>>> print(open('work.tsv').read())   # TSV, C-alpha atoms
chain	number	residue	atom	x	y	z
A	15	MET	CA	0.00	0.00	0.00
A	16	SER	CA	1.12	3.58	-0.62
A	17	SER	CA	0.47	4.84	2.91
A	18	PRO	CA	0.68	3.26	6.37
A	19	LEU	CA	-2.04	5.58	7.64
A	20	PRO	CA	-5.34	3.99	8.66
A	21	ARG	CA	-7.92	4.89	6.07
A	22	THR	CA	-10.09	6.83	8.54
A	23	LEU	CA	-7.12	9.05	9.43
A	24	ASP	CA	-6.27	9.49	5.76
A	25	VAL	CA	-9.83	10.65	5.06
A	26	ALA	CA	-9.70	13.04	8.02
A	27	ARG	CA	-6.50	14.59	6.72
A	28	SER	CA	-8.00	14.89	3.25
A	29	LEU	CA	-11.03	16.62	4.78
A	30	ALA	CA	-8.65	19.08	6.45
A	31	SER	CA	-7.28	19.89	2.99
A	32	THR	CA	-10.80	20.50	1.73
A	33	LEU	CA	-11.51	22.89	4.59
A	34	ALA	CA	-8.29	24.77	3.82
A	35	GLN	CA	-9.57	25.32	0.28
A	36	GLN	CA	-12.31	27.52	1.78
A	37	GLY	CA	-15.07	26.33	-0.51
A	38	ARG	CA	-13.11	26.42	-3.76
A	39	GLY	CA	-13.38	23.42	-6.06
A	40	ILE	CA	-16.83	22.37	-4.83
A	41	ALA	CA	-19.39	24.22	-6.93
A	42	THR	CA	-19.56	24.66	-10.67
A	43	ARG	CA	-20.85	27.46	-12.85
A	44	PRO	CA	-20.78	25.99	-16.35
A	45	ALA	CA	-18.46	27.46	-18.95
A	46	GLY	CA	-19.87	29.53	-21.77
A	47	ARG	CA	-18.84	26.76	-24.14
A	48	GLN	CA	-17.34	23.32	-23.88
A	49	PRO	CA	-14.18	22.30	-25.76
A	50	ALA	CA	-14.68	19.69	-28.47
A	51	GLU	CA	-11.71	17.70	-27.16
A	52	PRO	CA	-10.69	17.42	-23.51
A	53	LEU	CA	-8.07	19.82	-22.25
A	54	GLU	CA	-4.77	18.20	-21.26
A	55	LEU	CA	-3.11	19.04	-17.96
A	56	TYR	CA	0.33	17.83	-16.94
A	57	ASP	CA	-0.02	17.89	-13.21
A	58	MET	CA	1.06	16.82	-9.73
A	59	GLU	CA	-1.90	16.22	-7.44
A	60	GLY	CA	-0.14	17.56	-4.34
A	61	CYS	CA	1.26	20.69	-6.02
A	62	PRO	CA	-0.38	23.92	-4.72
A	63	PHE	CA	-0.11	25.64	-8.10
A	64	CYS	CA	-1.65	22.69	-9.94
A	65	ARG	CA	-4.48	22.69	-7.41
A	66	LEU	CA	-5.41	26.27	-8.32
A	67	VAL	CA	-5.84	25.25	-11.95
A	68	ARG	CA	-7.92	22.21	-11.02
A	69	GLU	CA	-10.17	24.39	-8.83
A	70	ALA	CA	-10.80	26.66	-11.81
A	71	LEU	CA	-11.57	23.66	-14.03
A	72	THR	CA	-14.20	22.47	-11.53
A	73	ASP	CA	-15.63	25.99	-11.30
A	74	LEU	CA	-15.96	26.12	-15.10
A	75	ASP	CA	-17.21	22.51	-15.39
A	76	LEU	CA	-14.43	21.68	-17.84
A	77	ASP	CA	-13.34	18.06	-18.21
A	78	VAL	CA	-9.60	17.52	-18.30
A	79	LEU	CA	-7.26	14.72	-19.24
A	80	ILE	CA	-4.66	14.51	-16.48
A	81	TYR	CA	-1.16	13.29	-17.25
A	82	PRO	CA	0.42	12.77	-13.82
A	83	CYS	CA	3.96	14.10	-13.45
A	84	PRO	CA	5.06	13.20	-9.90
A	85	LYS	CA	8.64	13.77	-8.80
A	86	GLY	CA	10.77	10.93	-10.12
A	87	GLY	CA	8.19	10.13	-12.79
A	88	ASP	CA	9.52	8.94	-16.12
A	89	ARG	CA	6.38	8.76	-18.28
A	90	TYR	CA	5.18	12.33	-18.75
A	91	ARG	CA	7.72	14.66	-17.12
A	92	PRO	CA	10.22	14.19	-20.01
A	93	LEU	CA	7.39	14.79	-22.48
A	94	VAL	CA	6.61	18.16	-20.89
A	95	GLU	CA	10.24	19.18	-21.29
A	96	ARG	CA	10.18	18.17	-24.96
A	97	LEU	CA	6.94	20.03	-25.59
A	98	GLY	CA	7.51	23.19	-23.59
A	99	GLY	CA	11.23	23.29	-22.97
A	100	LYS	CA	11.22	22.76	-19.20
A	101	GLN	CA	9.85	20.52	-16.47
A	102	LEU	CA	7.54	23.03	-14.79
A	103	PHE	CA	4.04	22.27	-13.55
A	104	PRO	CA	1.20	22.81	-14.16
A	105	TYR	CA	1.44	22.69	-17.94
A	106	LEU	CA	-1.74	22.98	-20.01
A	107	MET	CA	-2.21	21.95	-23.61
A	108	ASP	CA	-5.42	22.80	-25.42
A	109	PRO	CA	-5.79	20.60	-28.54
A	110	ASN	CA	-8.75	22.73	-29.60
A	111	THR	CA	-6.75	25.94	-30.02
A	112	GLY	CA	-3.13	24.82	-30.09
A	113	VAL	CA	-2.37	26.92	-27.01
A	114	ASP	CA	0.09	25.59	-24.43
A	115	LEU	CA	0.85	27.38	-21.17
A	116	TYR	CA	2.91	27.17	-18.03
A	117	GLU	CA	2.12	29.18	-14.85
A	118	SER	CA	-1.13	28.66	-12.96
A	119	ALA	CA	-2.21	32.32	-13.16
A	120	ASP	CA	-1.81	32.41	-16.96
A	121	ILE	CA	-3.64	29.09	-17.34
A	122	ILE	CA	-6.55	30.22	-15.17
A	123	ASP	CA	-6.88	33.51	-17.04
A	124	TYR	CA	-6.87	31.60	-20.34
A	125	LEU	CA	-9.56	29.14	-19.19
A	126	TYR	CA	-11.96	31.85	-18.10
A	127	ARG	CA	-11.47	33.98	-21.19
A	128	GLU	CA	-11.50	31.13	-23.72
A	129	TYR	CA	-14.27	28.96	-22.26
A	130	GLY	CA	-15.97	31.09	-19.62
A	131	GLY	CA	-16.34	34.03	-21.99
A	132	ARG	CA	-15.28	36.37	-19.20
A	133	PRO	CA	-12.22	37.41	-17.22
A	134	ALA	CA	-11.35	35.34	-14.20
A	135	PRO	CA	-13.46	36.38	-11.19
A	136	ALA	CA	-11.89	38.98	-8.92
A	137	ALA	CA	-11.22	36.37	-6.23
A	138	TRP	CA	-8.98	34.46	-8.65
A	139	ARG	CA	-6.92	37.59	-9.21
A	140	LEU	CA	-5.94	37.75	-5.52
A	141	ARG	CA	-3.01	35.53	-6.37
A	142	THR	CA	-1.05	35.82	-3.13
A	143	LEU	CA	-4.04	34.84	-0.97
A	144	ARG	CA	-5.06	32.06	-3.34
A	145	THR	CA	-1.58	30.60	-3.42
A	146	ALA	CA	-1.20	30.78	0.37
A	147	SER	CA	-4.45	28.89	0.95
A	148	SER	CA	-3.50	26.32	-1.67
A	149	PHE	CA	-0.21	25.72	0.14
A	150	ALA	CA	-2.22	25.33	3.35
A	151	ALA	CA	-4.37	22.69	1.64
A	152	SER	CA	-1.24	20.69	0.80
A	153	LEU	CA	0.08	20.55	4.35
A	154	PRO	CA	-2.32	17.95	5.84
A	155	ARG	CA	-1.50	15.50	3.06
A	156	GLY	CA	2.18	15.24	3.94
A	157	GLY	CA	3.50	14.90	0.41
A	158	ARG	CA	0.86	12.54	-0.95
A	159	GLY	CA	0.40	12.84	-4.70
A	160	LEU	CA	3.89	14.24	-5.25
A	161	ARG	CA	6.27	11.28	-5.67
A	162	SER	CA	6.18	8.45	-8.18
A	163	GLN	CA	5.93	4.77	-7.31
A	164	ASP	CA	6.39	1.74	-9.53
A	165	SER	CA	3.35	0.68	-11.50
A	166	GLU	CA	2.14	-1.13	-14.56
A	167	PRO	CA	1.21	1.35	-17.32
A	168	ALA	CA	-2.37	1.75	-18.50
A	169	LYS	CA	-2.96	1.58	-22.26
A	170	GLU	CA	-5.96	3.91	-22.08
A	171	PRO	CA	-6.66	6.70	-19.60
A	172	LEU	CA	-8.94	5.77	-16.74
A	173	ILE	CA	-12.11	7.82	-16.19
A	174	LEU	CA	-12.81	9.45	-12.84
A	175	TYR	CA	-16.01	11.24	-11.84
A	176	SER	CA	-14.70	13.80	-9.39
A	177	PHE	CA	-14.68	17.38	-8.21
A	178	GLU	CA	-11.58	19.08	-6.93
A	179	ALA	CA	-12.50	19.59	-3.27
A	180	SER	CA	-13.96	16.12	-2.66
A	181	PRO	CA	-11.89	14.63	0.19
A	182	PHE	CA	-12.64	11.12	-1.05
A	183	ALA	CA	-11.85	11.79	-4.71
A	184	ARG	CA	-8.58	13.43	-3.61
A	185	LEU	CA	-7.36	10.11	-2.17
A	186	VAL	CA	-7.94	8.44	-5.53
A	187	ARG	CA	-6.36	11.24	-7.55
A	188	GLU	CA	-3.27	11.15	-5.33
A	189	ARG	CA	-2.79	7.45	-5.95
A	190	LEU	CA	-3.38	7.79	-9.68
A	191	CYS	CA	-0.71	10.48	-9.73
A	192	GLU	CA	1.80	8.43	-7.74
A	193	LEU	CA	1.25	5.48	-10.08
A	194	GLN	CA	1.55	7.76	-13.16
A	195	LEU	CA	-1.79	6.56	-14.49
A	196	PRO	CA	-3.43	9.05	-16.88
A	197	PHE	CA	-7.10	9.74	-16.22
A	198	LEU	CA	-9.95	11.79	-17.61
A	199	VAL	CA	-11.71	13.86	-14.96
A	200	ARG	CA	-15.42	14.19	-15.55
A	201	GLN	CA	-16.28	17.20	-13.45
A	202	CYS	CA	-19.10	16.69	-10.95
A	203	GLY	CA	-19.14	19.99	-9.08
A	204	ARG	CA	-22.34	20.83	-7.24
A	205	ASP	CA	-24.53	23.24	-9.10
A	206	GLN	CA	-27.72	23.80	-7.16
A	207	TRP	CA	-28.68	24.38	-3.56
A	208	GLN	CA	-30.33	21.00	-3.03
A	209	ASP	CA	-26.97	19.31	-3.76
A	210	TRP	CA	-25.82	20.63	-0.39
A	211	LEU	CA	-28.67	19.07	1.58
A	212	LEU	CA	-28.08	15.78	3.32
A	213	PRO	CA	-30.06	12.90	1.77
A	214	GLN	CA	-32.00	12.52	5.03
A	215	VAL	CA	-33.09	16.16	4.87
A	216	ARG	CA	-34.20	15.81	1.25
A	217	ALA	CA	-36.17	12.69	2.19
A	218	ALA	CA	-37.84	14.46	5.13
A	219	LEU	CA	-38.87	17.28	2.82
A	220	ASP	CA	-40.10	14.75	0.25
A	221	MET	CA	-37.76	16.25	-2.33
A	222	ASP	CA	-36.96	14.47	-5.55
A	223	TYR	CA	-33.25	14.82	-6.22
A	224	GLN	CA	-32.79	15.76	-9.87
A	225	PRO	CA	-29.18	16.81	-10.48
A	226	SER	CA	-28.81	19.28	-13.32
A	227	GLN	CA	-25.02	19.08	-13.62
A	228	ARG	CA	-24.31	17.01	-16.73
A	229	HIS	CA	-22.02	14.34	-15.31
A	230	ARG	CA	-24.11	13.91	-12.17
A	231	GLN	CA	-27.00	13.17	-14.53
A	232	GLU	CA	-24.76	10.62	-16.28
A	233	LEU	CA	-24.02	8.90	-12.98
A	234	VAL	CA	-27.71	8.66	-12.10
A	235	ALA	CA	-28.45	7.18	-15.53
A	236	ARG	CA	-25.51	4.79	-15.33
A	237	THR	CA	-25.63	3.69	-11.70
A	238	GLY	CA	-28.86	4.99	-10.18
A	239	ARG	CA	-27.11	7.36	-7.77
A	240	VAL	CA	-24.53	10.10	-7.40
A	241	ALA	CA	-21.53	9.11	-5.30
A	242	ILE	CA	-18.12	10.68	-5.80
A	243	PRO	CA	-15.60	9.34	-6.71
A	244	TYR	CA	-16.60	6.85	-9.39
A	245	LEU	CA	-13.92	5.12	-11.44
A	246	ILE	CA	-14.23	3.47	-14.85
A	247	ASP	CA	-11.26	1.53	-16.19
A	248	PRO	CA	-11.64	0.93	-19.94
A	249	ASN	CA	-8.57	-1.31	-19.83
A	250	THR	CA	-10.28	-3.95	-17.71
A	251	GLY	CA	-13.98	-3.07	-17.86
A	252	GLU	CA	-14.04	-2.57	-14.08
A	253	GLU	CA	-16.15	0.17	-12.46
A	254	HIS	CA	-16.07	1.13	-8.79
A	255	PHE	CA	-17.68	3.47	-6.26
A	256	GLU	CA	-16.12	4.32	-2.88
A	257	SER	CA	-12.56	5.57	-2.51
A	258	GLY	CA	-11.51	2.56	-0.43
A	259	HIS	CA	-12.67	0.09	-3.06
A	260	ILE	CA	-11.06	2.13	-5.83
A	261	LEU	CA	-7.74	2.32	-3.99
A	262	ASP	CA	-7.77	-1.43	-3.40
A	263	TYR	CA	-8.48	-1.96	-7.10
A	264	LEU	CA	-5.60	0.29	-8.15
A	265	GLU	CA	-3.22	-1.54	-5.81
A	266	GLU	CA	-4.23	-4.96	-7.10
A	267	THR	CA	-4.26	-3.97	-10.78
A	268	TYR	CA	-1.45	-1.46	-11.28
A	269	ALA	CA	0.87	-1.13	-8.27
A	270	ARG	CA	4.10	-3.13	-8.32
>>> encode(input="work.tsv", output="structure tokens")
Amino acid sequence: MSSPLPRTLDVARSLASTLAQQGRGIATRPAGRQPAEPLELYDMEGCPFCRLVREALTDLDLDVLIYPCPKGGDRYRPLVERLGGKQLFPYLMDPNTGVDLYESADIIDYLYREYGGRPAPAAWRLRTLRTASSFAASLPRGGRGLRSQDSEPAKEPLILYSFEASPFARLVRERLCELQLPFLVRQCGRDQWQDWLLPQVRAALDMDYQPSQRHRQELVARTGRVAIPYLIDPNTGEEHFESGHILDYLEETYAR
């Protein structure tokens, strides 16, 4: 296993990271338009600067193909240097426009202008405060999602239904990064007030839960419920709910 921590403690520490994000990476306000092909992000899950970009992607409801580049990784870090001239992360490639960018602030500004049809919100322009809180979100994880570990490669990217601030999805994304397994994030940010209500409260109010966010609708159609994270592995045909089950699956299938 990648961590000696009991799973309950690991979840608690991931929840502390979510709280440090101060609500960012939870909700989504859909982009003005969706790219025809998924954006590509060369990323380290535990990197504070990469996190800022992923928060913006959740906010804009933009799917992204993640190529994990943990320290010591040999699959995608050299590719970034060939493409952009240096191993610096995050690194965004947009196959729809041919644009490639380093620097989280430049990437975020590009995403909002190109797909949001507007400048980045004022809060995103408070770069010092944003970066400080993103560093704070990294601290409880103690370096998880930053260093590579041996794994079997995946022929096709895995698919993960996720949103950036989910403490359970974070555990899965960290392990995917450490194992250098590429994955397509299908954004599942919350988009309406009833998403925030506990299921018991909705039941007491006799409320029908009808998610309007596109990938939450997909999950309901596919599985009958919305539970994040949800992993699909096109290489094996396996599909799993629950972070613990997903982590066990990744260990058994890909970890060396």
>>> closest_residue(input="work.tsv", among="A:Pro171, A:Gly258, A:Gly60, A:Pro44", to="Gln227 (chain A)", atoms="all atoms listed in the file")
A:Pro44
>>> atom_distance(input="work.tsv", atom1="CA of Ala34 (chain A)", atom2="CA of Thr72 (chain A)")
16.6 Å
>>> closest_residue(input="work.tsv", among="A:Phe63, A:Phe177, A:Tyr116, A:Tyr105", to="Asp77 (chain A)", atoms="all atoms listed in the file")
A:Phe177
>>> closest_residue(input="work.tsv", among="A:Glu54, A:Glu166, A:Glu59, A:Asp75", to="Arg204 (chain A)", atoms="only C-alpha atoms")
A:Asp75
>>> atom_distance(input="work.tsv", atom1="CA of Asp73 (chain A)", atom2="CA of Leu106 (chain A)")
16.7 Å
>>> residues_around(input="work.tsv", residues="Glu95 (chain A)", least_positions_apart="6", cutoff="12 Å", atoms="all atoms listed in the file", output="ChimeraX atom specification")
/A:56,83,88-89,101-103,105,116
>>> write_last_selection(input="work.tsv", atoms="C-alpha atoms", output="tab-separated table (two decimals), in the frame of the given file")
chain	number	residue	atom	x	y	z
A	56	TYR	CA	0.33	17.83	-16.94
A	83	CYS	CA	3.96	14.10	-13.45
A	88	ASP	CA	9.52	8.94	-16.12
A	89	ARG	CA	6.38	8.76	-18.28
A	101	GLN	CA	9.85	20.52	-16.47
A	102	LEU	CA	7.54	23.03	-14.79
A	103	PHE	CA	4.04	22.27	-13.55
A	105	TYR	CA	1.44	22.69	-17.94
A	116	TYR	CA	2.91	27.17	-18.03
>>> residues_near_point(input="work.tsv", point="(-12.4, 19.7, -32.1)", cutoff="6 Å", atoms="only C-alpha atoms", output="PyMOL selection string")
chain A and resi 50-51+110
>>> residues_around(input="work.tsv", residues="Gly159 (chain A)", least_positions_apart="3", cutoff="9 Å", atoms="all atoms listed in the file", output="PyMOL selection string")
chain A and resi 58-61+84+155+162+185+187-192
>>> write_last_selection(input="work.tsv", atoms="C-alpha atoms", output="PDB file, in the coordinates of the input")
ATOM      1  CA  MET A  58       1.060  16.820  -9.730  1.00  0.00           C
ATOM      2  CA  GLU A  59      -1.900  16.220  -7.440  1.00  0.00           C
ATOM      3  CA  GLY A  60      -0.140  17.560  -4.340  1.00  0.00           C
ATOM      4  CA  CYS A  61       1.260  20.690  -6.020  1.00  0.00           C
ATOM      5  CA  PRO A  84       5.060  13.200  -9.900  1.00  0.00           C
ATOM      6  CA  ARG A 155      -1.500  15.500   3.060  1.00  0.00           C
ATOM      7  CA  SER A 162       6.180   8.450  -8.180  1.00  0.00           C
ATOM      8  CA  LEU A 185      -7.360  10.110  -2.170  1.00  0.00           C
ATOM      9  CA  ARG A 187      -6.360  11.240  -7.550  1.00  0.00           C
ATOM     10  CA  GLU A 188      -3.270  11.150  -5.330  1.00  0.00           C
ATOM     11  CA  ARG A 189      -2.790   7.450  -5.950  1.00  0.00           C
ATOM     12  CA  LEU A 190      -3.380   7.790  -9.680  1.00  0.00           C
ATOM     13  CA  CYS A 191      -0.710  10.480  -9.730  1.00  0.00           C
ATOM     14  CA  GLU A 192       1.800   8.430  -7.740  1.00  0.00           C
TER      15      GLU A 192
END
>>> residues_around(input="work.tsv", residues="Leu115 (chain A)", least_positions_apart="4", cutoff="10 Å", atoms="only C-alpha atoms", output="PyMOL selection string")
chain A and resi 55+98+103-108+119-122+124
>>> residues_around(input="work.tsv", residues="region 26-28 of chain A", least_positions_apart="5", cutoff="10 Å", atoms="all atoms listed in the file", output="NGL selection string")
:A and (21 or 33-34 or 151-156 or 179-185)
>>> residues_around(input="work.tsv", residues="Pro196 (chain A)", least_positions_apart="4", cutoff="8 Å", atoms="all atoms listed in the file", output="JSON, numbers by chain")
{"A": [79, 80, 81, 82, 168, 170, 171, 172, 190, 191]}
>>> write_last_selection(input="work.tsv", atoms="C-alpha atoms", output="compact mmCIF listing (two decimals), in the frame of the given file")
# COMPACT_ATOMS: atom_id res chain seq x y z
CA LEU A 79 -7.26 14.72 -19.24
CA ILE A 80 -4.66 14.51 -16.48
CA TYR A 81 -1.16 13.29 -17.25
CA PRO A 82 0.42 12.77 -13.82
CA ALA A 168 -2.37 1.75 -18.50
CA GLU A 170 -5.96 3.91 -22.08
CA PRO A 171 -6.66 6.70 -19.60
CA LEU A 172 -8.94 5.77 -16.74
CA LEU A 190 -3.38 7.79 -9.68
CA CYS A 191 -0.71 10.48 -9.73
>>> atom_distance(input="work.tsv", atom1="CA of Val113 (chain A)", atom2="CA of Arg65 (chain A)")
20.2 Å
>>> closest_residue(input="work.tsv", among="A:Arg158, A:Arg96, A:Lys85, A:Arg47", to="Asp24 (chain A)", atoms="only C-alpha atoms")
A:Arg158
>>> closest_residue(input="work.tsv", among="A:Gln48, A:Ser148, A:Thr42, A:Thr237", to="Val78 (chain A)", atoms="only C-alpha atoms")
A:Gln48
